[in-house]
Structure formats: structure tokens, C-alpha cells
Amino acid sequence: MVKGLIDSKRLWPVLGIFVILLILPPLHAPRFYIYILSLMFVTSLLAMSLNLTVGYGGMFQFHHCAFYGVGAYTFALMLTKTSLPMWVGFIAGPIAAAVVGLLIGWFCVRLTQLYFGMLQISLGSLIWAIVFRWYNFTGGDDGIHGIPRPSILSSSNNTYYFILLVLVICLAALYTIVKSPFGATLQAIRDNPQRCEAVGINVRRHQLIAIVLAAFFAGIAGDLFVVLERSVFPDLLFWTLSLEIFIMCLLGGWFTFAGPMLGAAIIVALRTFVGKYTEYWTLILGVILILLIFFLPEGVMGYLLRISKSASQRISGRSQVDAASRGHA
Amino acid sequence: MLGQGFSFAALSSQFLVGLSRAMILFVVCAGLSFVLGVLRVPNVAHGALYMIGAFSAYSISTLFGNSSTGFWLTLILAPLVVALVSLIAERVLFCHLYQREHLMLLLFTFALSLILGDLVKLVWGATYRSVLAPAVLRGSIFILGSPFPRYNLFLLTVGPLVAAGLWFFTNKTKMGKIARAAAVDREMVGALGINVSWVFAAAFVIGCYLAGLGGALVAPTVSVTLGMDHTIIIEAFLIVTIGGLGNIWGALVGSLIFGVTQALGVLFWPQFAIVFPYAAVVIVLLLRPRGLLKSVW
């Protein structure tokens, strides 16, 4: 049943209900929860954008947060160093991320698997190192804080609604991409690159486009991070964050559309709520991951899909038996 | 932009600093590369094990009242602590996963790195620690008129020793030959009646031992602190890649490139010193994406 809800044409009404539910919290919930939900949205978008290349493209996108950071920094720098209106910066962020995606992807798509991942880590780390030390432009290891926000986004509720709106638009766009012929080709390349090459598909170009698109959406996530936090720092580009997003995809279920979102929500929630009680939340995360590897290798969402599939098969099987017995009666 | 006192003497002394840094990187990366060659797994927990090595070095040397004997014992015991930790992790958890998808192995080592990182915080706390070098290795000597730490000289001798030891192990001992054979064709090794699971365990533990040794060696030169695992692991991954995955001599070449560019970067453009090694890695990978030396993959 869950599969029917998530991966079919019934997505839209379900999404609608989901969105309506998410519109409600600011009316009652304390500000802290509004903030956590907003953070979940931003992280979700980041993980979903990564999954375009990891889950659907089968690429070892090991340094995805480079694009996230580039988007965030571009937006932040446009807001602090220029007097251009906010929306210009908001568009510039993802575009800069996509351009960097094009550059990095251009070199990476010539390679496969671990070599692809390693080259990407090295290029991404180069960006991190530059940002980390370029004090008079990026603020170096301090980052940039107190970034001005337009008055319309000054309240946390408005920020929340803005982020939710952007998230929904991006998810719709990502869903369209995944379900498009391009998305189908990408998945075919993931499953069998040699065969795709043989039937005349330009594998590298498709992979490159996927990387650019993923970088673009990561850039939007970077924008949203700036809107939410009003600060940027080099850790946004550091490799450990990339690994963390990767984990979100695997945790939620990278062969499903909404899995990474669930993974992102789980990790943000863990860090927030476990982090409240103990400073050892990564220990708990590590233990959860190991349990997951041993018991739920297809991720939480993948597991839900599997049990719901077998449940629905049981139900449909029973109803057939019912029908048959009625027929005899 | 040029650093102060830019001269031949400064250049050569900075070059030596880079070489000694490269020696530590080599010890760590040789271990990573060894595991990568035999098990085909990029061990993300390698950085955390290095950190455990450094913190163990702190505890052991404190136990012996920072005496010289304590330091030498540290170099023996701290890597053994790390080897024990890795043996437990391998036998209890990791060995059950060898048949699984590759990405899952990577994920496991990441989970292990999270757990070990937090265990270090639990055991040693979040404060900075420092380890004293033994009296013989304190202070500096003068090379071409510029001071050079004695400890770095020590590192410059340890690096080649470790390299020679590894060469002897992989080429002259039966165990090493089996490990090399397992790196090339694990099915064949199994078919010859060798317990591949234990070969993997041994390779993993030896690799992690080297991480611990690297941590113990680095301890007197830096402040031992949480987060040192993140820095080293990314450097180590890049070094191993530019050297050629699984090739121990590649790890040596990669470490030299990384260490020396970093040290010379300090001289040429201090503000962007950390950018130089990354730029060097990018250039190498763009020219030779599969590394400088032959990968065993």
C-alpha cells in the first residue's frame, strides 16, 4: 500500500495531504520545532538531490556537499557583498552550483565507481580548501554570519513556509525528472552501462546532465540553508557532510523516490533529540547504521515497501480466495 | 605573497619538514592501501584508528611519567591497542559482510568510524592532549644554518624502516605473499585451501596497526585532539588514490607529493598552504586518474 501511495499517480493527493499537514505546525508548535522541521526540509532537499545521481544514476557521488556549499556561499556573498535584490542571489546560488557541477562532472564522468568518487572528493576538497583560507572573500574558517534577510522572511514562520514552498516545487521537479524519459534512461545506465552504450545512448552525457541537475538542486538547498541559518561556514563543503548525506540516502532507501527524505529526517531528528540527552549521538547513529546494514540493507523506505508489498499480496490473495469461495457458494 | 626569508636554506629546511610529514602520511596510507588492496574496501574508520593510536600514545606515555622509556614503549603498545580494536571489530562484525554489496562495506566502515570517534570522546574527553618526545629527540639541530627539529629527523628514519619492513613482509614472507595473492585473485587463494577469511582479518589488522603506528608517531608533533581523524582520512584517501589503489609504493609516492607540496606551500603562499596539496592531487588525477603507479584493482 505504501508503494501505491508513493510511487504511483496517487502521489499528488498524498503529497497534498502531507503539505496541508505541514502547513499547520507554525500555528501551534513552539519555534524550536518549526526550526527543526525547516532544517529537515533543507536537508531532505539536499539528500533528494544527491539521490538523483546515487540512487537513479548509480554514480559514486562522494562529494555532493561541494555543490551545496557553493550554492550557499554564492547566495551569502551576493547578499552581503552586493546590493542586488535577494531573488537574484537566490537564483545565482543554484546556477553557480550547477556550473561547478558541470566542471567537476565533466572530469568525473570519464571514470567509474571508486575512481569517479575519488576524483570528485579531490576536486571538492580543493574548493573546500580555497574557501577555508580565503579570509577576505569567504571569511575563511569563520565563515559569514548575520547575513541580512529580507523583511518578508524575518519571522521564523514565514521562513518555514518559504522553505516548504520551495521544497514542494523542487520535489515536484525532481519527480518529473525521475519519471521522464531522461530519468528512465538514467536508471537504465545505472543497471547496465555497457548495454546502454551498445544501443547508442550517450552514457557520459546523461550522467553529466544528472550531475548538473543534482548540483542545481543542491544549490537550492544551499540557498535555503542561508535563509534558515543566516550564516555559512566551510563545514558546509567538508567531506564528512558529503558522507552524511550519502548515509541519509542509504538509510532512507536509495532505490525509492522519497527514501532519502526519510533518511534526512531521521538523521536530523536523531541529532536534535538524541543530541539533547547525550553528546554521543554519533555513537548511536553508528550503532543504528550497523543494525541497518545487518538487518535492513534496502533502507527504511525499501523495507516499508517490501512488507507492504507482501501484505498487499496476502490481502489480494485472500480476496481471490474469498471470491472463489463465493463463486462456489 | 612570498613568505619571509625565502632562500635556499629556507627552501631546503621546509623541504625536510615536508619529507617528515610525508613519512607519517606514508605510514598511515600504507596501511589504508594494504587494506584496500586485499579487502577492496576503502576503510573510512582508518582515520579514527589513527586517532585512537595518538590518544593511546598519550595515555601510555603519561602512565610512564613522560619518560624516554615510556615513549619507546608507546611506539610498540599504542599500535597494538589499535590492532586489538580492529581485530575485535573485524571478527565480531565486519567478517560477516564480505559477501555483501560493496557500498555496504563502505557504509560499515563509516559506521565504525562514527562509533570509534565517539568512543575516543567517551574515554579521553574533548580536551587537547600533548605527548612529549623523549629527551634525545627534543630540540633542534642546525641544517644549513636553519633549525630543524630532531624529532623530524627521527621520523625521516622511521619512514624508510617501515617501508623496508613492509617490503620484506609482502615479498619475503609467506603471509605477505598470500596477502598479495588474495589481492589479485581471492577465489584462487581460497581454492588452494587457504582460509581467506583469516587472510582478510590479518590484512585488516595489519593495515589498522599501521594507522595506530602513524597516530603514535604523530602524537609528539601535534596537539592530540578530536577531529584529527577527519583531516587525516581525507588526505589518506587522496594519497592512496594518486599513488594507485592498493599499491604500497604508490602510497609512498603519494605521501611525498602531498607532504612536500604542503610544506613548500607554506613557504610560497602561507595563507593558501593547504590548497597546494589538494591542487597537486587534482592535477595528478586529471592526468592519471588511476594513479601514478599500477593499482592492484
# chains A, B, ... in the order shown; residues from 1 in each chain; ligands from 1

$ residues_around --residues "Ile194 (chain B)" --least-positions-apart "6" --cutoff "10 Å" --atoms "only C-alpha atoms" --output "list in words"
Ile178, Ala182, Arg186, Glu187 and Met188 of chain B

$ closest_atom_pairs --of "chain A" --to "chain B" --cutoff "10 Å" --atoms "only C-alpha atoms" --output "tab-separated table"
residue	atom	partner	partner_atom	distance
A:Phe60	CA	B:Leu103	CA	9.4
A:Phe107	CA	B:Leu286	CA	7.4
A:Cys108	CA	B:Leu286	CA	9.3
A:Arg110	CA	B:Pro289	CA	9.2
A:Leu111	CA	B:Pro289	CA	7.7
A:Leu114	CA	B:Pro42	CA	9.0
A:Tyr115	CA	B:Arg290	CA	6.8
A:Phe116	CA	B:Pro289	CA	8.7
A:Met118	CA	B:Leu238	CA	6.9
A:Leu119	CA	B:Leu285	CA	6.5
A:Gln120	CA	B:Val282	CA	9.2
A:Ile121	CA	B:Leu238	CA	7.9
A:Ser122	CA	B:Val282	CA	5.9
A:Leu123	CA	B:Val282	CA	6.1
A:Gly124	CA	B:Tyr278	CA	9.4
A:Ser125	CA	B:Tyr278	CA	6.8
A:Leu126	CA	B:Tyr278	CA	5.3
A:Ile127	CA	B:Val275	CA	8.6
A:Trp128	CA	B:Val275	CA	8.7
A:Ala129	CA	B:Val275	CA	5.2
A:Ile130	CA	B:Val275	CA	6.1
A:Val131	CA	B:Val275	CA	9.5
A:Phe132	CA	B:Phe272	CA	8.9
A:Arg133	CA	B:Phe272	CA	5.9
A:Trp134	CA	B:Phe272	CA	7.5
A:Tyr135	CA	B:Gln271	CA	8.7
A:Phe238	CA	B:His230	CA	9.5
A:Trp239	CA	B:Ile234	CA	7.5
A:Thr240	CA	B:His230	CA	7.2
A:Leu243	CA	B:Phe110	CA	8.3
A:Glu244	CA	B:Phe110	CA	9.4
A:Phe246	CA	B:Leu107	CA	9.2
A:Ile247	CA	B:Leu107	CA	7.4
A:Leu250	CA	B:Leu107	CA	8.6
A:Leu251	CA	B:Leu107	CA	9.9
A:Glu279	CA	B:Asp118	CA	8.8
A:Tyr280	CA	B:Asp118	CA	6.0
A:Trp281	CA	B:Asp118	CA	8.2
A:Thr282	CA	B:Leu114	CA	5.7
A:Leu283	CA	B:Ile115	CA	4.4
A:Ile284	CA	B:Ile115	CA	7.6
A:Leu285	CA	B:Leu114	CA	7.5
A:Gly286	CA	B:Ala111	CA	4.3
A:Val287	CA	B:Ala111	CA	7.0
A:Ile288	CA	B:Ala111	CA	8.4
A:Leu289	CA	B:Ala111	CA	5.9
A:Ile290	CA	B:Phe108	CA	6.3
A:Leu291	CA	B:Phe108	CA	9.8
A:Leu292	CA	B:Phe108	CA	9.6
A:Ile293	CA	B:Met104	CA	6.7
A:Phe294	CA	B:Leu97	CA	8.2
A:Pro297	CA	B:Met104	CA	7.8

$ select_by_dssp --residues "region 2-156 of chain B" --states "alpha helix (DSSP H)" --output "ChimeraX atom specification"
/B:8-39,46-63,68-92,102-124,150-156

$ residues_around --residues "Gly93 (chain A)" --least-positions-apart "2" --cutoff "8 Å" --atoms "only C-alpha atoms" --output "list in words"
Val70, Gly71, Ala72, Tyr73, Thr74, Phe75, Gly89, Phe90, Ile91, Ile95, Ala96, Ala97, Gly219, Ile220, Gly222 and Asp223 of chain A

$ residues_around --residues "Leu16 (chain B)" --least-positions-apart "6" --cutoff "9 Å" --atoms "only C-alpha atoms" --output "ChimeraX atom specification"
/B:148,152-153,156,260,263

$ write_last_selection --atoms "C-alpha atoms" --output "compact mmCIF listing (two decimals), in the first residue's frame"
# COMPACT_ATOMS: atom_id res chain seq x y z
CA PHE B 148 65.37 21.51 12.18
CA ASN B 152 61.58 15.13 12.39
CA LEU B 153 64.96 13.52 11.78
CA LEU B 156 62.82 10.55 8.44
CA VAL B 260 56.19 18.22 0.21
CA ALA B 263 55.34 22.23 3.23

$ decode --residues "region 225-255 of chain B" --atoms "C-alpha atoms" --output "PDB file, in the first residue's frame"
ATOM      1  CA  THR B 225      42.513  16.175  19.706  1.00  0.00           C
ATOM      2  CA  LEU B 226      39.126  15.037  18.461  1.00  0.00           C
ATOM      3  CA  GLY B 227      38.625  15.693  14.782  1.00  0.00           C
ATOM      4  CA  MET B 228      42.120  14.669  13.777  1.00  0.00           C
ATOM      5  CA  ASP B 229      40.506  11.597  12.219  1.00  0.00           C
ATOM      6  CA  HIS B 230      38.538  13.647   9.699  1.00  0.00           C
ATOM      7  CA  THR B 231      41.587  15.532   8.474  1.00  0.00           C
ATOM      8  CA  ILE B 232      43.808  12.508   8.070  1.00  0.00           C
ATOM      9  CA  ILE B 233      41.239  10.265   6.411  1.00  0.00           C
ATOM     10  CA  ILE B 234      40.553  12.568   3.515  1.00  0.00           C
ATOM     11  CA  GLU B 235      44.266  13.195   2.984  1.00  0.00           C
ATOM     12  CA  ALA B 236      44.930   9.464   3.172  1.00  0.00           C
ATOM     13  CA  PHE B 237      42.206   8.621   0.661  1.00  0.00           C
ATOM     14  CA  LEU B 238      43.544  11.123  -1.819  1.00  0.00           C
ATOM     15  CA  ILE B 239      47.139   9.975  -1.351  1.00  0.00           C
ATOM     16  CA  VAL B 240      46.194   6.352  -1.853  1.00  0.00           C
ATOM     17  CA  THR B 241      44.280   7.260  -4.984  1.00  0.00           C
ATOM     18  CA  ILE B 242      47.041   9.279  -6.603  1.00  0.00           C
ATOM     19  CA  GLY B 243      49.504   6.510  -5.753  1.00  0.00           C
ATOM     20  CA  GLY B 244      47.376   3.758  -7.260  1.00  0.00           C
ATOM     21  CA  LEU B 245      44.760   1.926  -5.182  1.00  0.00           C
ATOM     22  CA  GLY B 246      46.294  -0.870  -3.147  1.00  0.00           C
ATOM     23  CA  ASN B 247      49.872  -0.128  -4.179  1.00  0.00           C
ATOM     24  CA  ILE B 248      52.040   0.443  -1.107  1.00  0.00           C
ATOM     25  CA  TRP B 249      54.818   2.143  -3.092  1.00  0.00           C
ATOM     26  CA  GLY B 250      52.137   4.325  -4.618  1.00  0.00           C
ATOM     27  CA  ALA B 251      51.231   5.334  -1.073  1.00  0.00           C
ATOM     28  CA  LEU B 252      54.848   6.374  -0.598  1.00  0.00           C
ATOM     29  CA  VAL B 253      54.908   8.436  -3.794  1.00  0.00           C
ATOM     30  CA  GLY B 254      51.544   9.990  -2.952  1.00  0.00           C
ATOM     31  CA  SER B 255      52.644  10.847   0.593  1.00  0.00           C
TER      32      SER B 255
END
